[in-house]
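Below is one structure, written out as structure tokens; comments come after it.
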2 protein chains.
Amino acid sequence: MNTFFNPSSIVVIGASNSPFNLGATICRSLNEFSPFSAPVYAVNRKGEDVYGCPGHTSVMDIPGHPDLAVIITPAKVVPGFVKQCGEKGIRHIVIESSGFSEGGEIGKILQQEIDEIKNAYGMRIMGPNCLGILNTENKFCCFYGVQKDNFDTFIQESGEISYIIQSGGIVVIVLESFMNDVVKAAKIVSIGNKSDIDESDMIEYFNTDEKTKVICMYMENIKDGRKFIEAARKVAKPILVFKVGRTSEGVRAAQSHTAGMANNDLIFENACKQAGVIRVNSISELHSLPKIFTHMPPLKGKRIAMFTNSGAFGGITADLLIQSGLEMAKLSLKTQERLSRTGQIFNVTNPIDLGPALSMQTFLEIFDILLSSDEVDGLLPVPSLWHPMVIEAIMELVKKCHQYGKPAAIYTPNAADKTIAYRSKYKVPLFESPEEAVRALAVSHRQYNYQVMKEELSGRVYYKTLPNRSDSAYEDYAEGV
Amino acid sequence: MNTFFNPSSIVVIGASNSPFNLGATICRSLNEFSPFSAPVYAVNRKGEDVYGCPGHTSVMDIPGHPDLAVIITPAKVVPGFVKQCGEKGIRHIVIESSGFSEGGEIGKILQQEIDEIKNAYGMRIMGPNCLGILNTENKFCCFYGVQKDNFDTFIQESGEISYIIQSGGIVVIVLESFMNDVVKAAKIVSIGNKSDIDESDMIEYFNTDEKTKVICMYMENIKDGRKFIEAARKVAKPILVFKVGRTSEGVRAAQSHTAGMANNDLIFENACKQAGVIRVNSISELHSLPKIFTHMPPLKGKRIAMFTNSGAFGGITADLLIQSGLEMAKLSLKTQERLSRTGQIFNVTNPIDLGPALSMQTFLEIFDILLSSDEVDGLLPVPSLWHPMVIEAIMELVKKCHQYGKPAAIYTPNAADKTIAYRSKYKVPLFESPEEAVRALAVSHRQYNYQVMKEELSGRVYYKTLPNRSDSAYEDYAEGV
């Protein structure tokens, strides 16, 4: 599987100099935009060079031995090229062309032909009907249609989140969203119709991939439920999945797109619980939530202390916390007295109302009091960005969270674009709404419980004696399959 | 009530030149930032002028006859100043100071004193514990703590949405959010503890206010349920309300903030249905949803046609539409054939997959086919902004929606900051997520049904014979109170 992300030589089949040719954009990315330096060849009718990639009319004529082929031709000629690859000894194929299982009877016949050739030569195939592969570490990218400025922005920084995405359109949104967030992608794979390699294969690969800390998935269907559950159960890393098809109308729409049988939603819901997989509620959660894993320690219990200098958010977040299954931490009189002594605080019971003005010193004291308290498992800070000092306080808070091993899901009650601007400038994990922040805490706790369960089931009982261990650890984890 | 928004002369009691004095920021807004030109006086211990506003030590010494007093002093001296206002003949008072019913026993006694004085002089009081009032039309603003650049931005354009908000912090978010949206505020009132004037009084006022087209509310409690229902029932304009206190923890938090008895949530839910009030699910919906009312015709039926050039969104939005209670429009073969003839479309059944490339002409033809079809009540367009032509097409779509009397809730599948930038630049009503767009359609249809019901109940049966009238019109409208 590693060859798909680290090929030593590549052939792009269907890349030519015709106007609007999509294969050419792949050659351009690989040979001009990217510092990735493996040899790249082009195959087209005229045998012409494309963006500096030597051109040939057949795969057989390529002088070297490419280990990865990217095919982006009309569907009807794909089987022939797959066969050429087999004869040439190429065992890793990415088919980006569409028009197979999702494209009616003719498409299905073409797919069958490809399957037979693949089996004969022992190949592995990604796709068809996919956008391709991105590895931000070595800057390998075989997505089609990428522009220079976009390429530079999204490939710039390598991160810790890897994506398994069944649709190219979703890849674009995720990449755009990372441009203004503190988390970045590690690897992205668009698996399309997944005639061969499926989501479960990718889960297994990303589980062994050192760079990947969180696995995020966009699915229109699950190919093999049992395989999915078995693959996911072995993974201690957080797995977040958004699946289309909660309604029969959604199922129908998804079918016409990537050709799978979208599965019964209740069965899928159950499979996620058995497999220790977190189901997310929107596409945006796939890129907004992972920062609670990459930038904060896990939430080991349910008791959250909330503080704000905008009183209304006490009530709003209390509602959200309770609805999400978390709890408002009950602060003892002793803790309340310690809070009182820090300065002029409006309300020292949880939710804590800081009042409008606070010094840096007061902020730091409050962080220490709450994070060190055994009455509190995590924080929900809602500080308004009314003064540059507040953002400095937030930066200190992030450090203290790691020091105490407890997370904070920080929401600054400002318009989304202002929050985004501060987040980009100061590299702090800010959430864009109170709903998103509370959801991140809930998801962090769910993952903690899943992890405890997975470790116990695998015989490595690390957490059994932890004092903060929540009783709900078993709640969402059904009995064996 | 009109005097609160259009005073002919104002006194700010508690404005002085002490550092951090909040009253001074009100004098500064009124006398320096705003082109609003009524005389403004200051009352403080030294009788000093503040930002050019003539200063006095007592209200009695003011030469003219102000018709509005803004009080922002420590709570304990407020009753005395209210009395001075009574003697001076001022009948409209905004009390921005905190420390009354929300501030323990002493606060409650002070509140009682004020109530007695108010009754004796026949005054009307806004507050206490509030941020003040904003009228974007005449640029009158008595919010405290406003900075020059913020003032200039939020007061610049006058809009059609009026807000009744029980918390200052929420006012700030709403104002910030409007800076990058196509809709703007008409009037904003922060009613705080609402010892006298309450949400129902404000609903009645905004109902008669010509400038106000939509009424939005943030509430921590409802003062008088019956009065609220009776006020709201008479209003044909959309009323959107966010209420804190869905859980007992939220209720407790809200109580410590603005001192009301947060009401049983189920009773409130029921009251909203009886009153024809739309309950929203987050603060952000208070500023994101109104554009479906200000920029689009109402959704008269439930049948939505969806089109996209990013296939994944067919399934995502189909799920969302069904879950929201709307329906996927069923397109007849005739309509599908008409769509086919416009160009190379991937899928002409609903959800329509446009495929990656389309011309302006094709876009316009598709808009006409769908909007003119009696199989379709409204549109959910999800066009990716891959080319400047797309935004031009969207601008044409907005015009066509008005021409055909059917709405479109447009979502462009890009990162939120990109969508916001396009929305600001081209002044088109774009939503920031598919969830928000679908919610806007659902809310538009709910309001249409409420309006039909209200008109029928009031004896003015305008809509009875409309062919598009949904059968669900009565669904959410309980029997009379």
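Identifiers in this document derive from the order of the structure tokens: chains are assigned A, B, ..., residues are numbered from 1 separately in each chain, and ligands are numbered from 1 in order of occurrence.
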Show me which bits of chain A are within 6 Å of chain B, counting only C-alpha atoms, as a compact mmCIF listing (two decimals) with N, CA and C atoms, in the first residue's frame.
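The resulting out.txt:
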# COMPACT_ATOMS: atom_id res chain seq x y z
N GLY A 169 -15.29 16.21 -4.46
CA GLY A 169 -15.80 17.50 -4.01
C GLY A 169 -15.53 17.73 -2.53
N ILE A 173 -13.26 20.82 -0.16
CA ILE A 173 -13.69 21.58 1.02
C ILE A 173 -12.75 21.37 2.18
N GLU A 176 -9.54 23.30 1.57
CA GLU A 176 -9.77 24.74 1.75
C GLU A 176 -9.88 25.10 3.22
N SER A 177 -10.57 24.25 3.98
CA SER A 177 -10.80 24.57 5.39
C SER A 177 -9.52 24.53 6.20
N VAL A 244 -23.21 9.50 4.30
CA VAL A 244 -24.43 9.90 3.62
C VAL A 244 -25.41 8.73 3.65
N ARG A 246 -28.76 8.74 5.51
CA ARG A 246 -29.59 8.56 6.71
C ARG A 246 -31.05 8.36 6.32
N THR A 247 -31.38 8.85 5.13
CA THR A 247 -32.75 8.69 4.63
C THR A 247 -32.70 7.92 3.32
N GLU A 249 -33.95 8.81 0.55
CA GLU A 249 -33.65 9.76 -0.52
C GLU A 249 -32.14 10.01 -0.61
N GLY A 250 -31.49 10.09 0.55
CA GLY A 250 -30.04 10.27 0.57
C GLY A 250 -29.34 9.05 -0.02
N ALA A 253 -29.62 9.15 -3.84
CA ALA A 253 -28.72 10.16 -4.41
C ALA A 253 -27.27 9.67 -4.39
N ALA A 254 -26.87 9.04 -3.29
CA ALA A 254 -25.49 8.56 -3.18
C ALA A 254 -25.20 7.46 -4.19
N HIS A 257 -24.11 8.52 -7.46
CA HIS A 257 -22.83 9.22 -7.44
C HIS A 257 -21.64 8.28 -7.44
N SER A 310 -18.91 36.88 28.91
CA SER A 310 -20.13 37.31 28.23
C SER A 310 -21.26 36.44 28.78
N GLY A 311 -21.89 36.96 29.87
CA GLY A 311 -22.80 36.18 30.71
C GLY A 311 -23.77 35.27 29.97
N GLY A 314 -23.14 31.47 29.54
CA GLY A 314 -23.30 30.51 30.63
C GLY A 314 -24.50 29.62 30.37
N GLY A 315 -25.62 30.22 30.09
CA GLY A 315 -26.85 29.47 29.85
C GLY A 315 -26.79 28.67 28.56
N ILE A 316 -26.29 29.31 27.51
CA ILE A 316 -26.23 28.65 26.20
C ILE A 316 -25.37 27.39 26.28
N ALA A 318 -24.39 25.73 29.01
CA ALA A 318 -24.93 24.74 29.97
C ALA A 318 -25.94 23.85 29.24
N ASP A 319 -26.85 24.46 28.48
CA ASP A 319 -27.81 23.68 27.69
C ASP A 319 -27.08 22.70 26.77
N ASN A 414 -17.25 35.66 19.00
CA ASN A 414 -17.13 36.69 17.98
C ASN A 414 -17.65 36.12 16.68
N ALA A 415 -17.81 36.97 15.68
CA ALA A 415 -18.24 36.48 14.37
C ALA A 415 -17.19 35.49 13.85
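Around range 6-8 of chain B, within 9 Å and counting only C-alpha atoms, the residues found are Asn2, Thr3, Phe4, Ile10, Ser37, Ala38, Pro39, Pro66, Asp67, Leu68, Asn135, Asn138 and Phe140 of chain B, once anything fewer than 2 positions away on its own chain is removed.
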Which of range 360-430 of chain B counts as strand (DSSP E or B) under DSSP, as a VMD selection string please? chain B and resid 378 to 382 408 410 to 411 430
Dump all heavy atoms for the selected residues as a CSV table (one decimal), in the first residue's frame?
chain,number,residue,atom,x,y,z
B,378,GLY,N,-39.3,25.2,-4.6
B,378,GLY,CA,-38.2,26.0,-4.2
B,378,GLY,C,-36.9,25.3,-4.6
B,378,GLY,O,-36.9,24.1,-4.9
B,379,LEU,N,-35.8,26.0,-4.6
B,379,LEU,CA,-34.5,25.4,-5.1
B,379,LEU,C,-33.5,25.4,-3.9
B,379,LEU,O,-33.4,26.2,-3.0
B,379,LEU,CB,-33.9,26.2,-6.2
B,379,LEU,CG,-34.8,26.5,-7.5
B,379,LEU,CD1,-33.9,27.2,-8.5
B,379,LEU,CD2,-35.3,25.1,-8.0
B,380,LEU,N,-32.6,24.4,-4.1
B,380,LEU,CA,-31.4,24.2,-3.2
B,380,LEU,C,-30.2,24.1,-4.1
B,380,LEU,O,-29.8,23.0,-4.4
B,380,LEU,CB,-31.6,23.0,-2.3
B,380,LEU,CG,-30.4,22.8,-1.3
B,380,LEU,CD1,-30.2,24.0,-0.4
B,380,LEU,CD2,-30.7,21.5,-0.4
B,381,PRO,N,-29.7,25.2,-4.6
B,381,PRO,CA,-28.5,25.2,-5.5
B,381,PRO,C,-27.2,25.0,-4.7
B,381,PRO,O,-27.0,25.7,-3.7
B,381,PRO,CB,-28.6,26.5,-6.2
B,381,PRO,CG,-29.8,27.2,-5.8
B,381,PRO,CD,-30.2,26.6,-4.4
B,382,VAL,N,-26.4,24.1,-5.1
B,382,VAL,CA,-25.1,23.9,-4.5
B,382,VAL,C,-24.0,24.0,-5.6
B,382,VAL,O,-23.4,23.0,-5.9
B,382,VAL,CB,-25.0,22.6,-3.7
B,382,VAL,CG1,-23.7,22.4,-3.0
B,382,VAL,CG2,-26.1,22.5,-2.7
B,408,ALA,N,-34.6,30.3,-3.5
B,408,ALA,CA,-33.5,29.4,-3.6
B,408,ALA,C,-32.6,29.7,-2.3
B,408,ALA,O,-32.3,30.8,-2.0
B,408,ALA,CB,-32.7,29.7,-4.8
B,410,ILE,N,-29.1,29.2,-1.4
B,410,ILE,CA,-27.8,28.9,-2.1
B,410,ILE,C,-26.7,28.6,-1.2
B,410,ILE,O,-26.4,29.4,-0.3
B,410,ILE,CB,-27.4,30.1,-3.0
B,410,ILE,CG1,-28.6,30.5,-3.9
B,410,ILE,CG2,-26.2,29.7,-3.9
B,410,ILE,CD1,-28.5,31.9,-4.5
B,411,TYR,N,-26.1,27.4,-1.4
B,411,TYR,CA,-24.9,27.1,-0.6
B,411,TYR,C,-23.8,26.8,-1.6
B,411,TYR,O,-23.9,26.0,-2.5
B,411,TYR,CB,-25.1,25.8,0.3
B,411,TYR,CG,-23.8,25.2,0.8
B,411,TYR,CD1,-23.0,25.9,1.6
B,411,TYR,CD2,-23.5,23.9,0.4
B,411,TYR,CE1,-21.8,25.3,2.0
B,411,TYR,CE2,-22.4,23.3,0.8
B,411,TYR,CZ,-21.5,24.0,1.6
B,411,TYR,OH,-20.3,23.4,2.0
B,430,LEU,N,-25.7,34.1,0.2
B,430,LEU,CA,-25.1,32.7,0.3
B,430,LEU,C,-25.2,32.2,1.8
B,430,LEU,O,-24.9,33.0,2.7
B,430,LEU,CB,-23.6,32.7,-0.1
B,430,LEU,CG,-23.3,33.2,-1.5
B,430,LEU,CD1,-21.8,33.1,-1.8
B,430,LEU,CD2,-24.1,32.5,-2.5
Which is closer to Gly47 in chain B than all the others in B:Val12, B:Ile125, B:Ala75, B:Val277, using only C-alpha atoms?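 Counting only C-alpha atoms, the residue closest to Gly47 in chain B is B:Val12.
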For the helix (DSSP H, G or I) assignment from backbone DSSP, which residues of range 83-224 of chain A qualify? Please present them as number ranges by chain. A: 83-88, 101-121, 148-156, 168-178, 199-208
Need the shell around Thr362 in chain B: protein/DNA/RNA residues with any atom at most 12 Å away, counting only C-alpha atoms. Skip same-chain ones fewer than 6 positions apart. Format as a ChimeraX atom specification? /B:338-345,354-355,368-369,389-390,393
So which residues touch range 437-449 of chain A within 8 Å, counting only C-alpha atoms, skipping near sequence neighbours fewer than 6 positions away, as a short mmCIF file (atom, residue, chain, number, x, y, z; two decimals) with N, CA, C and O atoms, in the first residue's frame?
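selection02.cif was written with the following content:
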data_model
loop_
_atom_site.label_atom_id
_atom_site.label_comp_id
_atom_site.auth_asym_id
_atom_site.auth_seq_id
_atom_site.Cartn_x
_atom_site.Cartn_y
_atom_site.Cartn_z
N PRO A 238 -8.21 7.94 16.90
CA PRO A 238 -9.61 8.32 16.67
C PRO A 238 -9.98 8.12 15.20
O PRO A 238 -9.21 8.47 14.31
N GLY A 276 -15.97 1.07 17.63
CA GLY A 276 -15.32 2.20 18.29
C GLY A 276 -15.03 3.33 17.32
O GLY A 276 -13.96 3.94 17.34
N ILE A 278 -16.32 7.05 15.71
CA ILE A 278 -17.14 8.21 16.04
C ILE A 278 -17.86 8.69 14.79
O ILE A 278 -17.22 9.02 13.78
N LEU A 289 -13.43 19.24 14.08
CA LEU A 289 -13.28 18.52 15.35
C LEU A 289 -11.88 17.94 15.62
O LEU A 289 -11.47 17.87 16.77
N ILE A 292 -9.30 18.88 18.54
CA ILE A 292 -9.41 18.51 19.96
C ILE A 292 -8.51 17.30 20.24
O ILE A 292 -8.07 17.10 21.38
N PHE A 293 -8.20 16.51 19.21
CA PHE A 293 -7.28 15.38 19.39
C PHE A 293 -5.82 15.79 19.19
O PHE A 293 -4.94 15.33 19.91
N PRO A 298 -6.81 14.11 26.13
CA PRO A 298 -8.18 13.57 26.07
C PRO A 298 -9.02 13.98 27.27
O PRO A 298 -8.49 14.27 28.34
N LEU A 299 -10.33 13.99 27.07
CA LEU A 299 -11.26 14.28 28.17
C LEU A 299 -11.58 12.95 28.86
O LEU A 299 -12.32 12.13 28.32
N LYS A 300 -11.06 12.80 30.07
CA LYS A 300 -11.17 11.50 30.73
C LYS A 300 -12.45 11.32 31.52
O LYS A 300 -12.83 10.21 31.85
N GLY A 301 -13.10 12.42 31.89
CA GLY A 301 -14.37 12.34 32.60
C GLY A 301 -15.37 13.28 31.97
O GLY A 301 -15.09 13.88 30.94
N LYS A 302 -16.52 13.44 32.61
CA LYS A 302 -17.60 14.21 31.98
C LYS A 302 -17.78 15.61 32.57
O LYS A 302 -18.61 16.37 32.10
N THR A 317 -24.18 27.50 26.87
CA THR A 317 -23.29 26.34 26.90
C THR A 317 -23.76 25.30 27.91
O THR A 317 -23.53 24.11 27.69
N LEU A 320 -26.09 23.20 26.05
CA LEU A 320 -25.39 22.36 25.07
C LEU A 320 -24.64 21.21 25.75
O LEU A 320 -24.67 20.08 25.27
N LEU A 321 -23.98 21.50 26.87
CA LEU A 321 -23.22 20.46 27.58
C LEU A 321 -24.14 19.33 28.03
O LEU A 321 -23.85 18.15 27.82
N SER A 324 -25.42 17.23 25.27
CA SER A 324 -24.40 16.38 24.64
C SER A 324 -24.03 15.18 25.52
O SER A 324 -23.21 14.36 25.12
N GLY A 325 -24.59 15.11 26.73
CA GLY A 325 -24.28 13.99 27.61
C GLY A 325 -23.16 14.28 28.60
O GLY A 325 -22.81 13.43 29.41
N LEU A 326 -22.59 15.48 28.54
CA LEU A 326 -21.56 15.85 29.52
C LEU A 326 -22.24 16.48 30.74
O LEU A 326 -23.46 16.62 30.79
N LEU A 380 -14.43 24.54 29.29
CA LEU A 380 -15.10 25.16 28.14
C LEU A 380 -14.98 26.67 28.33
O LEU A 380 -15.86 27.31 28.88
N PRO A 407 -8.29 18.73 28.77
CA PRO A 407 -8.51 19.54 27.57
C PRO A 407 -9.37 20.79 27.83
O PRO A 407 -10.13 20.84 28.79
N ALA A 408 -9.21 21.77 26.95
CA ALA A 408 -10.11 22.93 26.91
C ALA A 408 -10.59 23.08 25.47
O ALA A 408 -9.79 23.05 24.54
N ALA A 409 -11.91 23.19 25.29
CA ALA A 409 -12.46 23.49 23.96
C ALA A 409 -12.82 24.97 23.97
O ALA A 409 -13.78 25.37 24.61
N ILE A 410 -11.99 25.76 23.31
CA ILE A 410 -12.09 27.23 23.44
C ILE A 410 -12.96 27.81 22.34
O ILE A 410 -12.74 27.58 21.15
N TYR A 411 -13.96 28.60 22.75
CA TYR A 411 -14.79 29.33 21.79
C TYR A 411 -14.73 30.80 22.15
O TYR A 411 -14.98 31.18 23.29
N PHE A 431 -12.53 27.09 18.35
CA PHE A 431 -13.70 26.59 17.65
C PHE A 431 -14.58 27.76 17.23
O PHE A 431 -14.52 28.84 17.81
N SER A 470 -14.34 7.34 33.41
CA SER A 470 -15.79 7.57 33.49
C SER A 470 -16.54 6.24 33.48
O SER A 470 -16.15 5.28 32.81
N SER A 472 -19.09 5.68 32.09
CA SER A 472 -19.78 5.48 30.82
C SER A 472 -18.90 4.79 29.80
O SER A 472 -19.28 4.62 28.65
N ALA A 473 -17.71 4.37 30.22
CA ALA A 473 -16.76 3.81 29.26
C ALA A 473 -17.38 2.68 28.46
O ALA A 473 -17.11 2.51 27.29
N TYR A 474 -18.26 1.92 29.11
CA TYR A 474 -18.82 0.76 28.42
C TYR A 474 -20.10 1.08 27.66
O TYR A 474 -20.55 0.30 26.85
#
Pick from B:Leu331, B:Val50, B:Ala232, B:Ala271 nearest to Lys454 in chain B, counting only C-alpha atoms: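 Going through B:Leu331, B:Val50, B:Ala232, B:Ala271 one by one, the smallest distance to Lys454 in chain B is for B:Ala232.
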Mind checking which residues fall within 9 Å of Val59 in chain B, counting only C-alpha atoms, ignoring those fewer than 3 positions away in the same chain, and posting them as number ranges by chain? B: 11, 13, 42-43, 56, 62, 81, 84-85, 87-88
Output for the residues just chosen: N, CA, C and O atoms as a short mmCIF file (atom, residue, chain, number, x, y, z; two decimals), in the first residue's frame:
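Result file follows (result_22.cif):
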data_model
loop_
_atom_site.label_atom_id
_atom_site.label_comp_id
_atom_site.auth_asym_id
_atom_site.auth_seq_id
_atom_site.Cartn_x
_atom_site.Cartn_y
_atom_site.Cartn_z
N VAL B 11 -30.16 62.87 28.09
CA VAL B 11 -29.20 63.08 29.17
C VAL B 11 -28.58 61.73 29.54
O VAL B 11 -29.30 60.74 29.70
N ILE B 13 -26.78 59.99 32.40
CA ILE B 13 -26.53 60.15 33.84
C ILE B 13 -25.47 59.15 34.28
O ILE B 13 -25.64 57.94 34.13
N ALA B 42 -24.71 65.65 30.01
CA ALA B 42 -24.11 64.67 30.93
C ALA B 42 -24.43 65.09 32.37
O ALA B 42 -24.49 66.28 32.68
N VAL B 43 -24.65 64.08 33.23
CA VAL B 43 -24.82 64.37 34.65
C VAL B 43 -23.76 63.58 35.42
O VAL B 43 -23.64 62.36 35.23
N HIS B 56 -23.75 68.63 34.15
CA HIS B 56 -24.44 69.19 35.31
C HIS B 56 -24.35 68.20 36.45
O HIS B 56 -24.08 67.02 36.24
N ILE B 62 -30.44 70.84 34.09
CA ILE B 62 -30.33 70.83 32.62
C ILE B 62 -31.28 71.90 32.07
O ILE B 62 -32.45 71.95 32.45
N PHE B 81 -31.76 59.04 40.90
CA PHE B 81 -31.74 59.69 39.58
C PHE B 81 -33.05 59.46 38.82
O PHE B 81 -33.51 60.33 38.09
N GLN B 84 -35.26 62.10 40.08
CA GLN B 84 -34.94 63.39 39.45
C GLN B 84 -35.54 63.48 38.05
O GLN B 84 -36.09 64.50 37.65
N CYS B 85 -35.42 62.39 37.29
CA CYS B 85 -35.98 62.37 35.93
C CYS B 85 -37.48 62.60 36.00
O CYS B 85 -38.05 63.35 35.18
N GLU B 87 -39.19 64.17 38.21
CA GLU B 87 -39.49 65.57 38.54
C GLU B 87 -39.22 66.50 37.37
O GLU B 87 -39.90 67.50 37.18
N LYS B 88 -38.20 66.14 36.60
CA LYS B 88 -37.84 66.96 35.43
C LYS B 88 -38.83 66.75 34.27
O LYS B 88 -38.81 67.47 33.29
#
From the options B:Ile117, B:Ile267, B:Met296, B:Leu240, which residue's atoms come nearest to Lys399 in chain B, counting only C-alpha atoms?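 Once distances to Lys399 in chain B are computed over only C-alpha atoms, the minimum belongs to B:Met296.
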Tell me which of B:Thr208, B:Asn31, B:Ser158, B:Ser359 sits closest to Ala236 in chain B, counting only C-alpha atoms.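 With only C-alpha atoms as the atom set, the closest residue is B:Thr208.
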Residues within 12 Å of Asp196 in chain B, please, as a list in words. Count only C-alpha atoms; anything in the same chain fewer than 2 positions from it doesn't count.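 The filter keeps His92, Ile93, Val94, Ile95, Gln111, Gln112, Ile114, Asp115, Glu116, Lys118, Asn119, Gly122, Met123, Arg124, Ile125, Met126, Gly127, Pro128, Ile191, Gly192, Asn193, Lys194, Asp198, Glu199, Ser200, Asp201, Met202, Lys223 and Asp224 of chain B.
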Produce a file of the selected residues containing N, CA, C and O atoms, as a compact mmCIF listing (two decimals), in the first residue's frame.
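The result, stored in result-v1.txt:
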# COMPACT_ATOMS: atom_id res chain seq x y z
N HIS B 92 -39.02 58.67 29.62
CA HIS B 92 -38.37 57.51 28.98
C HIS B 92 -36.97 57.32 29.54
O HIS B 92 -36.12 58.19 29.37
N ILE B 93 -36.76 56.18 30.18
CA ILE B 93 -35.49 55.94 30.88
C ILE B 93 -34.89 54.61 30.41
O ILE B 93 -35.58 53.60 30.39
N VAL B 94 -33.60 54.66 30.08
CA VAL B 94 -32.85 53.41 29.83
C VAL B 94 -31.88 53.23 30.99
O VAL B 94 -31.02 54.09 31.21
N ILE B 95 -32.05 52.16 31.76
CA ILE B 95 -31.13 51.91 32.88
C ILE B 95 -30.16 50.81 32.47
O ILE B 95 -30.54 49.64 32.32
N GLN B 111 -34.67 47.64 43.04
CA GLN B 111 -35.60 47.47 41.92
C GLN B 111 -37.00 47.90 42.33
O GLN B 111 -37.70 48.59 41.57
N GLN B 112 -37.41 47.51 43.54
CA GLN B 112 -38.74 47.87 44.04
C GLN B 112 -38.91 49.39 44.14
O GLN B 112 -39.92 49.94 43.74
N ILE B 114 -37.38 51.63 42.41
CA ILE B 114 -37.49 52.18 41.05
C ILE B 114 -38.91 51.97 40.51
O ILE B 114 -39.50 52.87 39.91
N ASP B 115 -39.45 50.77 40.73
CA ASP B 115 -40.80 50.48 40.25
C ASP B 115 -41.81 51.48 40.81
O ASP B 115 -42.70 51.96 40.09
N GLU B 116 -41.65 51.79 42.10
CA GLU B 116 -42.61 52.72 42.73
C GLU B 116 -42.50 54.12 42.13
O GLU B 116 -43.51 54.76 41.83
N LYS B 118 -41.33 54.90 39.18
CA LYS B 118 -41.81 54.80 37.80
C LYS B 118 -43.35 54.91 37.76
O LYS B 118 -43.92 55.68 36.96
N ASN B 119 -44.01 54.16 38.64
CA ASN B 119 -45.47 54.18 38.65
C ASN B 119 -46.00 55.56 39.04
O ASN B 119 -46.98 56.04 38.46
N GLY B 122 -45.52 57.76 35.99
CA GLY B 122 -45.98 57.27 34.69
C GLY B 122 -44.87 57.16 33.66
O GLY B 122 -45.03 57.53 32.49
N MET B 123 -43.71 56.66 34.10
CA MET B 123 -42.58 56.51 33.18
C MET B 123 -42.58 55.14 32.50
O MET B 123 -43.24 54.22 32.96
N ARG B 124 -41.77 55.01 31.43
CA ARG B 124 -41.45 53.71 30.86
C ARG B 124 -39.95 53.48 31.00
O ARG B 124 -39.16 54.39 30.72
N ILE B 125 -39.58 52.29 31.43
CA ILE B 125 -38.16 52.00 31.68
C ILE B 125 -37.69 50.81 30.84
O ILE B 125 -38.35 49.78 30.76
N MET B 126 -36.53 51.01 30.20
CA MET B 126 -35.85 49.92 29.48
C MET B 126 -34.70 49.45 30.37
O MET B 126 -33.90 50.26 30.82
N GLY B 127 -34.59 48.12 30.61
CA GLY B 127 -33.55 47.60 31.49
C GLY B 127 -34.14 47.20 32.82
O GLY B 127 -35.32 46.84 32.86
N PRO B 128 -33.42 47.29 33.91
CA PRO B 128 -31.98 47.61 33.99
C PRO B 128 -31.12 46.45 33.50
O PRO B 128 -31.66 45.48 33.00
N ILE B 191 -32.91 44.40 26.24
CA ILE B 191 -33.93 44.68 27.25
C ILE B 191 -33.52 44.24 28.66
O ILE B 191 -34.22 44.52 29.63
N GLY B 192 -32.39 43.54 28.81
CA GLY B 192 -31.84 43.20 30.13
C GLY B 192 -32.85 42.53 31.06
O GLY B 192 -33.52 41.57 30.67
N ASN B 193 -32.98 43.06 32.29
CA ASN B 193 -33.88 42.45 33.28
C ASN B 193 -35.35 42.74 32.99
O ASN B 193 -36.22 42.20 33.67
N LYS B 194 -35.63 43.64 32.07
CA LYS B 194 -37.00 44.02 31.64
C LYS B 194 -37.96 44.19 32.82
O LYS B 194 -39.02 43.55 32.85
N ASP B 198 -41.05 44.83 28.25
CA ASP B 198 -40.61 43.45 28.03
C ASP B 198 -40.66 43.09 26.56
O ASP B 198 -40.99 43.92 25.70
N GLU B 199 -40.36 41.83 26.28
CA GLU B 199 -40.28 41.35 24.90
C GLU B 199 -41.60 41.56 24.15
O GLU B 199 -41.61 41.89 22.96
N SER B 200 -42.72 41.41 24.86
CA SER B 200 -44.02 41.52 24.20
C SER B 200 -44.29 42.98 23.77
O SER B 200 -44.83 43.23 22.69
N ASP B 201 -43.92 43.93 24.62
CA ASP B 201 -44.04 45.35 24.24
C ASP B 201 -43.22 45.62 22.99
O ASP B 201 -43.65 46.34 22.08
N MET B 202 -42.02 45.03 22.95
CA MET B 202 -41.14 45.29 21.80
C MET B 202 -41.67 44.63 20.53
O MET B 202 -41.55 45.18 19.44
N LYS B 223 -41.40 36.90 30.19
CA LYS B 223 -41.96 37.51 31.40
C LYS B 223 -43.40 37.10 31.63
O LYS B 223 -43.81 36.77 32.73
N ASP B 224 -44.18 37.13 30.55
CA ASP B 224 -45.61 36.84 30.67
C ASP B 224 -46.01 36.06 29.43
O ASP B 224 -46.13 36.61 28.34
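Going from CA of Arg423 in chain A to CA of Ile391 in chain B covers 28.1 Å.
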Atomic separation - CA of Lys213 in chain A relative to CA of Asp152 in chain A, Å: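 Going from CA of Asp152 in chain A over to CA of Lys213 in chain A, I get 23.3 Å.
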Neighbouring residues of Asn21 in chain B were defined as those with any atom within 10 Å, considering only C-alpha atoms; residues of the same chain fewer than 3 positions away were excluded. Please report them as a PyMOL selection string. chain B and resi 14-18+24-26+72-73+144-145
